[in-house]
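Text of the file input_7.cif, holding mmCIF, C-alpha atoms and all ligand atoms:
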```cif
data_query
loop_
_atom_site.label_atom_id
_atom_site.label_comp_id
_atom_site.auth_asym_id
_atom_site.auth_seq_id
_atom_site.Cartn_x
_atom_site.Cartn_y
_atom_site.Cartn_z
CA GLU A 123 107.42 125.83 121.91
CA VAL A 124 106.71 123.65 118.90
CA GLU A 125 105.30 125.23 115.79
CA ILE A 126 102.86 122.92 114.05
CA HIS A 127 102.57 123.36 110.28
CA ALA A 128 100.45 120.38 109.41
CA LEU A 129 98.40 117.76 111.21
CA LEU A 130 97.65 114.30 109.88
CA PRO A 131 94.93 112.76 112.06
CA ARG A 132 95.49 109.02 112.02
CA ILE A 133 92.79 108.08 114.47
CA GLY A 134 92.61 104.31 114.38
CA ALA A 135 89.33 103.87 116.24
CA ASN A 136 86.10 105.45 115.06
CA ILE A 137 86.69 109.10 115.69
CA ASP A 138 84.28 110.50 118.30
CA ASP A 139 82.90 114.03 118.71
CA TYR A 140 85.50 114.86 121.33
CA THR A 141 88.43 114.00 119.08
CA LEU A 142 86.81 115.64 116.08
CA GLY A 143 86.57 118.83 118.16
CA LEU A 144 90.28 118.57 118.86
CA VAL A 145 91.04 118.26 115.15
CA ARG A 146 88.79 121.26 114.47
CA GLN A 147 90.69 123.31 117.05
CA PHE A 148 93.90 122.91 115.05
CA GLU A 149 92.08 124.07 111.91
CA LEU A 150 90.74 127.13 113.71
CA GLN A 151 94.31 127.96 114.71
CA GLY A 152 95.34 127.90 111.07
CA VAL A 153 97.08 124.53 111.00
CA ARG A 154 96.76 122.63 107.74
CA VAL A 155 94.84 119.47 108.64
CA ILE A 156 94.73 116.45 106.32
CA ASN A 157 91.97 115.15 106.30
CA ASN A 158 89.99 118.10 107.60
CA SER A 159 87.26 117.77 110.22
CA ILE A 160 84.33 118.37 107.88
CA ALA A 161 85.45 115.62 105.53
CA ILE A 162 86.10 113.26 108.45
CA GLU A 163 82.66 114.00 109.84
CA ARG A 164 81.05 112.98 106.55
CA ALA A 165 83.17 109.89 106.06
CA ARG A 166 82.95 108.51 109.60
CA ASP A 167 79.29 107.69 108.90
CA LYS A 168 78.93 105.08 106.17
CA PHE A 169 75.33 105.98 105.41
CA ARG A 170 76.03 109.71 105.23
CA THR A 171 78.91 108.92 102.88
CA LEU A 172 76.62 106.95 100.57
CA GLN A 173 74.00 109.71 100.64
CA GLU A 174 76.56 112.35 99.69
CA LEU A 175 78.03 110.21 96.92
CA ALA A 176 74.63 109.30 95.49
CA ARG A 177 73.65 112.94 95.42
CA GLY A 178 76.87 113.68 93.57
CA GLY A 179 75.95 111.16 90.89
CA ILE A 180 78.37 108.46 92.02
CA ARG A 181 77.13 104.90 91.85
CA VAL A 182 76.94 103.30 95.30
CA VAL A 183 75.80 99.91 96.60
CA GLU A 184 72.00 100.04 97.02
CA SER A 185 71.49 100.79 100.69
CA CYS A 186 68.75 101.59 103.17
CA CYS A 187 69.02 102.74 106.75
CA VAL A 188 66.42 101.20 109.08
CA ASN A 189 65.55 101.54 112.76
CA ASN A 190 62.81 98.93 113.21
CA MET A 191 61.35 95.78 111.68
CA GLN A 192 58.71 97.66 109.72
CA ASN A 193 61.43 99.70 108.03
CA LEU A 194 63.48 96.60 107.46
CA LYS A 195 60.59 94.92 105.66
CA ARG A 196 60.25 97.95 103.40
CA ALA A 197 63.98 97.88 102.75
CA LEU A 198 63.77 94.22 101.77
CA ASP A 199 60.95 95.00 99.35
CA ALA A 200 63.34 97.41 97.64
CA LEU A 201 66.60 95.48 97.94
CA GLY A 202 65.47 91.92 97.36
CA PRO A 203 65.28 88.77 99.50
CA TYR A 204 67.52 87.34 102.23
CA PRO A 205 70.40 87.07 102.77
CA VAL A 206 71.12 90.75 103.26
CA VAL A 207 74.15 92.59 104.57
CA LEU A 208 73.62 94.50 107.83
CA LYS A 209 76.17 97.14 108.69
CA LEU A 210 76.79 99.55 111.54
CA ARG A 211 77.03 103.15 110.36
CA SER A 212 80.38 103.63 112.06
CA SER A 213 82.62 100.60 112.10
CA ARG A 214 85.89 99.44 110.63
CA GLN A 215 87.93 96.41 109.67
CA GLY A 216 84.86 94.36 108.87
CA ARG A 217 83.81 94.27 112.53
CA GLY A 218 80.41 95.93 112.12
CA VAL A 219 79.43 94.07 108.94
CA THR A 220 77.44 90.84 108.94
CA LEU A 221 75.06 88.73 106.92
CA ALA A 222 71.46 88.01 107.94
CA ASP A 223 70.13 84.87 106.29
CA LYS A 224 66.57 85.07 107.58
CA GLU A 225 64.08 87.35 109.28
CA GLU A 226 64.82 86.00 112.77
CA THR A 227 68.51 86.87 112.54
CA ALA A 228 67.78 90.25 111.01
CA ARG A 229 65.25 91.04 113.74
CA PHE A 230 67.76 90.20 116.47
CA ILE A 231 70.40 92.43 114.90
CA VAL A 232 68.10 95.33 114.10
CA GLU A 233 66.43 95.27 117.51
CA ASN A 234 69.49 94.67 119.67
CA LEU A 235 72.64 95.61 117.87
CA ARG A 236 71.90 98.83 116.05
CA GLN A 237 73.71 101.90 117.31
CA PRO A 238 71.26 103.87 119.51
CA GLY A 239 69.42 106.56 117.60
CA ARG A 240 71.27 105.82 114.39
CA GLY A 241 69.56 102.87 112.77
CA ILE A 242 71.48 100.24 110.83
CA ILE A 243 72.40 99.93 107.17
CA VAL A 244 70.84 97.21 105.01
CA GLN A 245 72.37 96.26 101.67
CA ARG A 246 71.83 93.74 98.99
CA PHE A 247 74.34 90.91 99.44
CA TYR A 248 76.71 90.25 96.56
CA PRO A 249 78.11 86.71 97.01
CA ASN A 250 81.90 86.30 96.68
CA GLU A 251 81.69 84.61 93.29
CA GLU A 252 79.47 87.38 91.95
CA ARG A 253 81.68 90.32 92.83
CA LYS A 254 85.20 91.69 93.07
CA ASP A 255 86.39 93.90 95.93
CA ILE A 256 88.86 96.61 95.01
CA ARG A 257 90.59 98.97 97.44
CA VAL A 258 91.95 102.17 95.90
CA LEU A 259 94.18 104.47 97.93
CA VAL A 260 93.89 108.13 97.01
CA VAL A 261 96.48 110.73 98.03
CA GLY A 262 95.72 114.25 96.86
CA ASP A 263 94.41 114.08 93.33
CA LYS A 264 96.27 110.88 92.52
CA VAL A 265 95.82 107.17 93.04
CA ALA A 266 98.76 105.94 95.13
CA GLY A 267 97.96 102.25 94.78
CA ALA A 268 95.22 99.69 94.39
CA ALA A 269 94.58 96.08 95.34
CA LEU A 270 92.13 93.33 94.51
CA MET A 271 90.93 91.97 97.85
CA THR A 272 89.87 88.34 98.28
CA PRO A 273 88.04 87.08 101.37
CA ALA A 274 89.38 84.14 103.38
CA PRO A 275 87.65 80.78 102.75
CA GLY A 276 84.19 80.71 104.33
CA GLU A 277 84.18 84.47 104.77
CA PHE A 278 82.50 87.20 102.70
CA ARG A 279 84.34 90.21 104.12
CA SER A 280 87.64 90.87 102.38
CA ASN A 281 89.19 93.08 105.09
CA VAL A 282 92.77 92.06 105.97
CA HIS A 283 91.69 92.01 109.63
CA VAL A 284 89.46 89.03 108.94
CA GLY A 285 91.96 87.19 106.78
CA GLY A 286 91.38 88.93 103.43
CA LYS A 287 94.25 88.79 100.95
CA GLY A 288 95.29 91.59 98.65
CA GLU A 289 96.88 91.49 95.22
CA ALA A 290 98.34 94.60 93.57
CA ILE A 291 96.44 95.74 90.49
CA ASP A 292 96.41 98.59 88.03
CA PRO A 293 92.89 99.90 88.62
CA GLY A 294 92.55 101.43 85.15
CA PRO A 295 90.91 104.73 84.26
CA GLU A 296 87.32 103.91 85.31
CA LEU A 297 88.14 102.84 88.87
CA ARG A 298 90.71 105.61 89.22
CA GLY A 299 88.11 108.15 88.18
CA LEU A 300 85.51 106.69 90.55
CA ALA A 301 87.89 106.72 93.53
CA LEU A 302 89.15 110.24 92.84
CA GLU A 303 85.66 111.60 92.32
CA ALA A 304 84.33 109.98 95.52
CA SER A 305 87.22 111.34 97.61
CA LYS A 306 86.83 114.79 96.13
CA LEU A 307 83.11 114.86 96.75
CA LEU A 308 83.62 114.05 100.41
CA GLY A 309 86.49 116.55 100.67
CA LEU A 310 89.00 113.84 101.61
CA GLU A 311 92.59 114.34 100.49
CA ILE A 312 93.67 110.94 101.72
CA ALA A 313 91.15 108.16 101.31
CA GLY A 314 90.77 104.42 100.98
CA VAL A 315 87.92 103.83 98.58
CA ASP A 316 86.23 100.41 98.72
CA ILE A 317 84.75 99.53 95.35
CA LEU A 318 82.55 96.55 94.54
CA ILE A 319 82.47 95.32 90.96
CA PRO A 320 79.41 93.14 90.43
CA LYS A 321 79.48 90.30 87.90
CA GLU A 322 77.05 92.33 85.87
CA GLY A 323 76.89 96.08 85.83
CA PRO A 324 79.22 98.95 86.60
CA PRO A 325 81.45 99.35 89.69
CA MET A 326 79.94 100.85 92.84
CA VAL A 327 81.40 102.52 95.90
CA VAL A 328 80.88 100.56 99.15
CA GLU A 329 82.53 102.95 101.58
CA VAL A 330 85.28 105.53 101.82
CA ASN A 331 87.82 105.38 104.67
CA TYR A 332 89.13 108.65 106.07
CA ALA A 333 92.16 107.17 107.85
CA PRO A 334 92.96 104.23 105.60
CA GLY A 335 95.44 101.61 106.65
CA PHE A 336 98.09 101.06 104.00
CA GLN A 337 100.56 98.53 105.40
CA GLY A 338 98.78 95.75 103.55
CA LEU A 339 98.89 97.75 100.33
CA GLU A 340 102.59 98.50 100.85
CA ALA A 341 103.27 94.80 101.35
CA VAL A 342 101.53 93.68 98.16
CA THR A 343 102.56 96.59 95.94
CA GLY A 344 106.09 97.19 97.25
CA LEU A 345 105.23 100.91 97.26
CA ASP A 346 106.29 103.28 100.03
CA ILE A 347 102.85 104.79 100.67
CA ALA A 348 103.94 106.56 103.86
CA ARG A 349 106.52 108.45 101.82
CA VAL A 350 103.91 109.40 99.22
CA ILE A 351 101.66 110.77 101.98
CA ILE A 352 104.42 112.73 103.71
CA LYS A 353 105.60 114.08 100.37
CA TYR A 354 102.08 115.21 99.53
CA ILE A 355 101.70 117.02 102.84
CA THR A 356 105.09 118.72 102.69
CA THR A 357 104.96 119.90 99.09
CA SER A 358 102.89 122.64 97.54
CA ALA A 359 100.45 120.09 96.13
CA GLY A 360 99.32 119.44 99.67
CA ARG A 361 98.66 123.07 100.50
CA PRO A 362 95.32 124.74 99.99
CA SER A 363 95.22 127.12 97.05
N1 LIG A 401 76.71 94.62 100.09
C1 LIG A 401 77.74 93.79 100.20
N2 LIG A 401 77.75 92.60 99.55
C2 LIG A 401 78.80 91.74 99.69
N3 LIG A 401 79.88 91.99 100.42
C3 LIG A 401 79.95 93.16 101.08
C4 LIG A 401 78.90 94.13 101.00
N4 LIG A 401 79.24 95.19 101.77
C5 LIG A 401 80.44 94.90 102.30
N5 LIG A 401 80.89 93.68 101.90
C6 LIG A 401 82.16 93.03 102.28
O1 LIG A 401 82.43 93.38 103.63
C7 LIG A 401 83.63 94.15 103.72
C8 LIG A 401 83.50 95.20 104.80
O2 LIG A 401 82.48 96.13 104.48
P1 LIG A 401 82.74 97.69 104.53
O3 LIG A 401 81.48 98.37 104.19
O4 LIG A 401 83.92 98.02 103.69
O5 LIG A 401 83.04 97.97 106.08
P2 LIG A 401 84.42 98.12 106.90
O6 LIG A 401 84.48 99.53 107.32
O7 LIG A 401 84.28 97.21 108.07
O8 LIG A 401 85.55 97.77 105.99
C9 LIG A 401 83.84 94.70 102.33
O9 LIG A 401 85.20 94.97 102.08
C10 LIG A 401 83.31 93.56 101.45
O10 LIG A 401 84.28 92.55 101.34
MG MG A 402 85.90 98.56 104.10
#
```
Can you dump the structure from the file as structure tokens?
Ligand SMILES: Nc1ncnc2c1ncn2[C@@H]1O[C@H](COP(=O)(O)OP(=O)(O)O)[C@@H](O)[C@H]1O
Ligand SMILES: [Mg+2]
Amino acid sequence: EVEIHALLPRIGANIDDYTLGLVRQFELQGVRVINNSIAIERARDKFRTLQELARGGIRVVESCCVNNMQNLKRALDALGPYPVVLKLRSSRQGRGVTLADKEETARFIVENLRQPGRGIIVQRFYPNEERKDIRVLVVGDKVAGAALMTPAPGEFRSNVHVGGKGEAIDPGPELRGLALEASKLLGLEIAGVDILIPKEGPPMVVEVNYAPGFQGLEAVTGLDIARVIIKYITTSAGRPS
């Protein structure tokens, strides 16, 4: 028989209720699980994440969640004119994020592509030249690395999966603080925090990833992130107090 001391769920796809139940089972049996099921449950829903962060006083990208055209019109009154970003509540790697340039496009997406019973997220669009995308990787109560992400030509999403390029940066105290605070609020011990810095105004959290990829970050920073994570889990810092 194998004795399990710690479990590191690295569920690539969007974690479903079935798998979350499996993770919870390990917790109930006393296994140390990083990230735990409650934190994963919050973070797997982008809108829930933003709600929690906003309540905790963390600045987030202005967002609405809509489930019909009437709601969408109200959201646009609050967020400003087209184009707007439309985003599935659970999606990754830029796949569920798109731009609607006019009402027709938005209507098609809202009416046909929203996840059943969940609505769809609407956000003000920050054009590439009016923002910077920063990805900060948090492990425990430390920042393990950070990168400035630049979208491929003709693209607004900076995810590596759609051709985004990363460049290692020192995030500085403000971004460090924002990333650590956001992770802590959600209860995530390992997190990839997406931060948007607008041309004018303070940085805002876009989303927080509960099973962040880090190969890209390792490549641009030369850091051994996997080692940092394993070290965190196997040392006292990684154990609950
Ligand atoms: N409101 C926005 N304005 C401009 N660009 C955005 C906005 N929201 C997201 N993006 C771009 O799209 C990318 C993917 O969005 P994100 O919310 O991080 O979803 P995913 O889980 O797919 O990474 C971001 O990294 C950023 O480059
Ligand atoms: Mg992202």
Can you report as JSON the centre and edge lengths in Å, to one decimal, of an axis-aligned box around the listed atoms of range 126-142 of chain A padded with 8 Å on each side?
```
{"center_x": 92.9, "center_y": 113.6, "center_z": 115.4, "size_x": 36.0, "size_y": 35.5, "size_z": 27.9}
```
Rounded to one decimal, what separation in Å do you get between CA of Leu130 in chain A and atom N4 of ligand LIG 401 (chain A)?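 Between CA of Leu130 in chain A and atom N4 of ligand LIG 401 (chain A) the gap works out to 27.7 Å.
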Would you mind listing the residues within 7 Å of ligand LIG 401 (chain A), counting only C-alpha atoms and all ligand atoms, as a PyMOL selection string? chain A and resi 183+207+213-219+245-250+255+273+278-281+316+328-329
Would you work out the distance separating CA of Asp167 in chain A from CA of Leu210 in chain A, expressed in Å to one decimal?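 We find that CA of Asp167 in chain A and CA of Leu210 in chain A lie 8.9 Å from each other.
In terms of minimum interatomic distance to Glu277 in chain A, A:Leu221 ranks closest within A:Leu198, A:Leu221, A:Leu235, A:Leu308, counting all atoms listed in the file.
CA of Gln337 in chain A is positioned 29.6 Å from CA of Ile242 in chain A.
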Of the candidates A:Ile231, A:Ala268, A:Ile312, A:Leu307, which one gets nearest to Val155 in chain A if we count only C-alpha atoms?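 Checking each of A:Ile231, A:Ala268, A:Ile312, A:Leu307 against Val155 in chain A, counting only C-alpha atoms, the winner is A:Ile312.
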Check the smallest atom-to-atom distance from each of A:Leu297, A:Val284, A:Ile355, A:Val260 to ligand MG 402 (chain A) using only C-alpha atoms and all ligand atoms, then report the winner. A:Val284
A:Asn190, A:Lys209, A:Val244, A:Gly286: which is nearest Arg229 in chain A, counting all atoms listed in the file? A:Asn190
With a distance cut-off of 7 Å and only C-alpha atoms, select the neighbouring residues of range 301-304 of chain A, excluding the residue or stretch itself and same-chain residues fewer than 5 positions from it, and output the selection as a PyMOL selection string. chain A and resi 175+258+260+263+315
When you count all atoms listed in the file, which of these residues is closest to Arg257 in chain A: A:Ala200, A:Met326, A:Ala228, A:Ile243?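 Of the candidates, the smallest distance to Arg257 in chain A is held by A:Met326.
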Which residue of A:Met191, A:Leu339, A:Ile317, A:Leu142 approaches Glu163 in chain A most closely, using only C-alpha atoms: A:Leu142
Around (103.7, 111.5, 95.2) in the file's own coordinates, what residues are found within 12 Å if you use only C-alpha atoms, given back as JSON, numbers by chain? {"A": [260, 261, 262, 263, 264, 265, 266, 267, 312, 345, 346, 347, 348, 349, 350, 351, 352, 353, 354, 355, 356, 357, 358, 359, 360]}
Extract, using only C-alpha atoms, all DNA, RNA and protein residues at most 12 Å from Glu226 in chain A, discarding same-chain residues fewer than 5 positions from it, and format them as a PyMOL selection string. chain A and resi 191+194+204-205+231-233
Close residues, Glu322 in chain A itself excluded, 12 Å, all atoms listed in the file, min 3 positions apart in chain, as an mmCIF file with C-alpha atoms, in the frame of the given file:
```cif
data_model
loop_
_atom_site.group_PDB
_atom_site.id
_atom_site.type_symbol
_atom_site.label_atom_id
_atom_site.label_comp_id
_atom_site.auth_asym_id
_atom_site.auth_seq_id
_atom_site.Cartn_x
_atom_site.Cartn_y
_atom_site.Cartn_z
ATOM 1 C CA TYR A 248 76.710 90.250 96.560
ATOM 2 C CA GLU A 251 81.690 84.610 93.290
ATOM 3 C CA GLU A 252 79.470 87.380 91.950
ATOM 4 C CA ARG A 253 81.680 90.320 92.830
ATOM 5 C CA LYS A 254 85.200 91.690 93.070
ATOM 6 C CA LEU A 318 82.550 96.550 94.540
ATOM 7 C CA ILE A 319 82.470 95.320 90.960
ATOM 8 C CA PRO A 325 81.450 99.350 89.690
ATOM 9 C CA MET A 326 79.940 100.850 92.840
#
```
